[in-house]
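Asker: Sending over a structure as structure tokens; questions will come in a sec.
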Amino acid sequence: MAEENSKVFTSEGFQRLQDELSYLKTTKTAEITERLAEARAQGDLSENSEYDDAKEAQAKNEARIKEIESLLRDAVVLSDDDISKTNVSLGSTVLLRDEETKEEVEYSIVNANEEDIFENRLSVDSPVGKAIVGKKKGATVTVTTPAGAFKYKIVKIGK
């Protein structure tokens with residue numbers, strides 16, 4: 001299932017990847033090309049750490065471009081009709097309440113490629129994601145994480 005989910009993107013996640021790819025191919029590549037030209041202008045490349053750093057940045061940039069192109073090529077974008085409003089699924093927005101602290105947090109359920117906990121995008125393959133996928137509003141789940149066991153109640157499910 002994890003392999004299947006990694007190809008399914010929310011429309012926002014798909015757009016983010018397209019934007020990143022555009023940035024890497026234009027702005028980032030131009031910056032690296034400029035760094036390489038400046039380093040070459042300094043002369044002897046055999047002991048030029050700036051040249052080595054720029055070449056390493058170029059390799060990382062090209063690898064990320066290939067990775068994103070592969071993701072986009074195989075991507076399936078979720079439509080609103082694909083997202084359940086009654087059960088938690090990929091693409092759902094879920095309001096969870098920590099049963100101990102009573103704190104409520106809203107998460108978007110996404111694939112692992114879109115996950116960003118700082119923007120409340122939670123992977124379906126994370127411990128919390130695995131525990132809540134398929135559950136209905138009102139369900140309480142216990143999640144065991146490296147930080148300990150937590151009990152969450154699903155307060156609301158949306159798109």
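Letters A, B, ... mark the chains of the structure tokens in the order given; residue numbers begin at 1 per chain; ligand numbers begin at 1, in order shown.
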Write out as a VMD selection string which residues come within 7 Å of range 119-135 of chain A when counting only C-alpha atoms, dropping same-chain ones fewer than 4 positions away.
Answerer: chain A and resid 2 87 to 90 106 to 112 115 139 141 143 145
Asker: What does the file look like for those residues with all heavy atoms, as a compact mmCIF listing (two decimals), in the first residue's frame?
Answerer:
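New file part_25.txt:
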```txt
# COMPACT_ATOMS: atom_id res chain seq x y z
N ALA A 2 1.99 1.25 0.72
CA ALA A 2 2.86 2.42 0.78
C ALA A 2 3.35 2.80 -0.61
O ALA A 2 3.41 3.97 -0.96
CB ALA A 2 4.03 2.17 1.72
N ASN A 87 -14.90 8.65 6.08
CA ASN A 87 -13.75 7.90 6.60
C ASN A 87 -12.47 8.67 6.29
O ASN A 87 -12.36 9.28 5.23
CB ASN A 87 -13.64 6.52 5.94
CG ASN A 87 -14.76 5.61 6.32
OD1 ASN A 87 -15.51 5.88 7.25
ND2 ASN A 87 -14.88 4.51 5.61
N VAL A 88 -11.51 8.60 7.18
CA VAL A 88 -10.22 9.24 6.94
C VAL A 88 -9.53 8.51 5.79
O VAL A 88 -9.45 7.28 5.78
CB VAL A 88 -9.33 9.19 8.21
CG1 VAL A 88 -7.97 9.82 7.92
CG2 VAL A 88 -10.01 9.89 9.37
N SER A 89 -9.07 9.29 4.81
CA SER A 89 -8.36 8.71 3.67
C SER A 89 -7.32 9.70 3.16
O SER A 89 -7.27 10.84 3.61
CB SER A 89 -9.35 8.37 2.55
OG SER A 89 -9.94 9.56 2.04
N LEU A 90 -6.53 9.25 2.22
CA LEU A 90 -5.55 10.12 1.57
C LEU A 90 -6.31 11.30 0.99
O LEU A 90 -7.31 11.13 0.31
CB LEU A 90 -4.83 9.33 0.47
CG LEU A 90 -3.64 9.99 -0.18
CD1 LEU A 90 -2.53 10.20 0.83
CD2 LEU A 90 -3.13 9.13 -1.32
N GLU A 106 -5.51 20.30 13.31
CA GLU A 106 -6.04 19.85 12.02
C GLU A 106 -4.87 19.45 11.12
O GLU A 106 -3.89 20.18 10.99
CB GLU A 106 -6.85 20.97 11.36
CG GLU A 106 -7.55 20.51 10.11
CD GLU A 106 -8.53 21.56 9.59
OE1 GLU A 106 -8.05 22.53 8.98
OE2 GLU A 106 -9.73 21.38 9.80
N TYR A 107 -4.99 18.27 10.50
CA TYR A 107 -3.97 17.74 9.61
C TYR A 107 -4.57 17.43 8.24
O TYR A 107 -5.72 17.02 8.14
CB TYR A 107 -3.38 16.43 10.16
CG TYR A 107 -2.58 16.59 11.41
CD1 TYR A 107 -3.11 16.23 12.65
CD2 TYR A 107 -1.28 17.08 11.37
CE1 TYR A 107 -2.37 16.37 13.81
CE2 TYR A 107 -0.53 17.22 12.53
CZ TYR A 107 -1.09 16.85 13.74
OH TYR A 107 -0.34 16.99 14.89
N SER A 108 -3.75 17.60 7.21
CA SER A 108 -4.08 17.09 5.88
C SER A 108 -3.38 15.76 5.76
O SER A 108 -2.20 15.64 6.10
CB SER A 108 -3.56 18.04 4.80
OG SER A 108 -4.22 19.27 4.87
N ILE A 109 -4.09 14.74 5.29
CA ILE A 109 -3.52 13.40 5.15
C ILE A 109 -2.98 13.28 3.72
O ILE A 109 -3.75 13.40 2.75
CB ILE A 109 -4.56 12.30 5.45
CG1 ILE A 109 -5.22 12.55 6.81
CG2 ILE A 109 -3.91 10.92 5.38
CD1 ILE A 109 -4.26 12.63 7.99
N VAL A 110 -1.67 13.08 3.60
CA VAL A 110 -0.99 13.10 2.31
C VAL A 110 -0.08 11.88 2.17
O VAL A 110 0.11 11.12 3.12
CB VAL A 110 -0.16 14.39 2.15
CG1 VAL A 110 -1.05 15.63 2.18
CG2 VAL A 110 0.91 14.50 3.24
N ASN A 111 0.54 11.72 0.99
CA ASN A 111 1.50 10.64 0.83
C ASN A 111 2.84 11.06 1.43
O ASN A 111 3.03 12.22 1.80
CB ASN A 111 1.63 10.21 -0.64
CG ASN A 111 2.40 11.18 -1.50
OD1 ASN A 111 3.32 11.85 -1.07
ND2 ASN A 111 2.02 11.27 -2.76
N ALA A 112 3.76 10.13 1.53
CA ALA A 112 5.05 10.40 2.18
C ALA A 112 5.86 11.48 1.47
O ALA A 112 6.62 12.20 2.10
CB ALA A 112 5.86 9.12 2.29
N GLU A 115 4.61 14.92 2.82
CA GLU A 115 4.59 15.11 4.28
C GLU A 115 5.43 16.31 4.70
O GLU A 115 6.54 16.51 4.22
CB GLU A 115 5.11 13.85 4.96
CG GLU A 115 5.12 13.96 6.46
CD GLU A 115 5.54 12.65 7.12
OE1 GLU A 115 6.45 12.00 6.62
OE2 GLU A 115 4.93 12.32 8.14
N ALA A 139 -14.23 8.30 16.26
CA ALA A 139 -13.38 7.17 16.66
C ALA A 139 -12.21 7.66 17.50
O ALA A 139 -11.69 8.76 17.30
CB ALA A 139 -12.86 6.43 15.43
N VAL A 141 -8.34 6.53 18.72
CA VAL A 141 -7.25 5.61 18.38
C VAL A 141 -6.09 5.84 19.33
O VAL A 141 -5.89 6.94 19.83
CB VAL A 141 -6.77 5.80 16.92
CG1 VAL A 141 -7.87 5.45 15.94
CG2 VAL A 141 -6.25 7.20 16.67
N VAL A 143 -2.03 5.59 19.46
CA VAL A 143 -0.89 5.56 18.55
C VAL A 143 0.38 5.41 19.36
O VAL A 143 0.63 6.19 20.28
CB VAL A 143 -0.82 6.87 17.73
CG1 VAL A 143 0.35 6.83 16.77
CG2 VAL A 143 -2.12 7.11 17.00
N THR A 145 4.23 5.75 19.31
CA THR A 145 5.31 6.41 18.57
C THR A 145 6.60 6.28 19.38
O THR A 145 6.56 5.88 20.55
CB THR A 145 5.00 7.91 18.36
OG1 THR A 145 5.10 8.57 19.63
CG2 THR A 145 3.63 8.13 17.76
```
Asker: Quick one: residues within 12 Å of Glu50 in chain A, only C-alpha atoms counted, chain neighbours fewer than 2 positions away excluded, as a list in words?
Answerer: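 Those residues are Ile32, Glu34, Arg35, Leu36, Ala37, Glu38, Ala39, Arg40, Ala41, Gln42, Gly43, Asp44, Leu45, Ser46, Glu47, Asn48, Asp52, Asp53, Ala54, Lys55, Glu56 and Ala57 of chain A.
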Asker: To test your reading of the structure, identify every residue in chain A that backbone DSSP assigns to helix (DSSP H, G or I), and report it as a PyMOL selection string.
Answerer: chain A and resi 2-5+11-41+49-74+80-82+117-119+127-132
Asker: Here is a test: counting only C-alpha atoms, which residue of A:Gln18, A:Thr27, A:Thr93, A:Ser11 is nearest to Ser79 in chain A?
Answerer: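 Residue with the minimum atom-to-atom distance to Ser79 in chain A: A:Ser11.
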Asker: If you run DSSP on the backbone, which residues of chain A are strand (DSSP E or B), as number ranges by chain?
Answerer: A: 8-9, 76-77, 87, 93-98, 104-110, 116, 121-123, 136, 140-145, 148-158
Asker: With only C-alpha atoms as the basis for distance, which of A:Asp19, A:Pro146, A:Val77, A:Ala30 is at the shortest distance from Gly91 in chain A?
Answerer: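 Selected residue with least distance to Gly91 in chain A: A:Val77.
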Asker: Have a look at A:Lys159, A:Lys7, A:Lys28, A:Lys153 and name the one nearest to Lys136 in chain A; count only C-alpha atoms.
Answerer: A:Lys153
Asker: A:Leu78, A:Leu72, A:Leu17, A:Ile157: which is nearest Glu114 in chain A, counting only C-alpha atoms?
Answerer: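 Of all the options, A:Leu17 lies closest to Glu114 in chain A.
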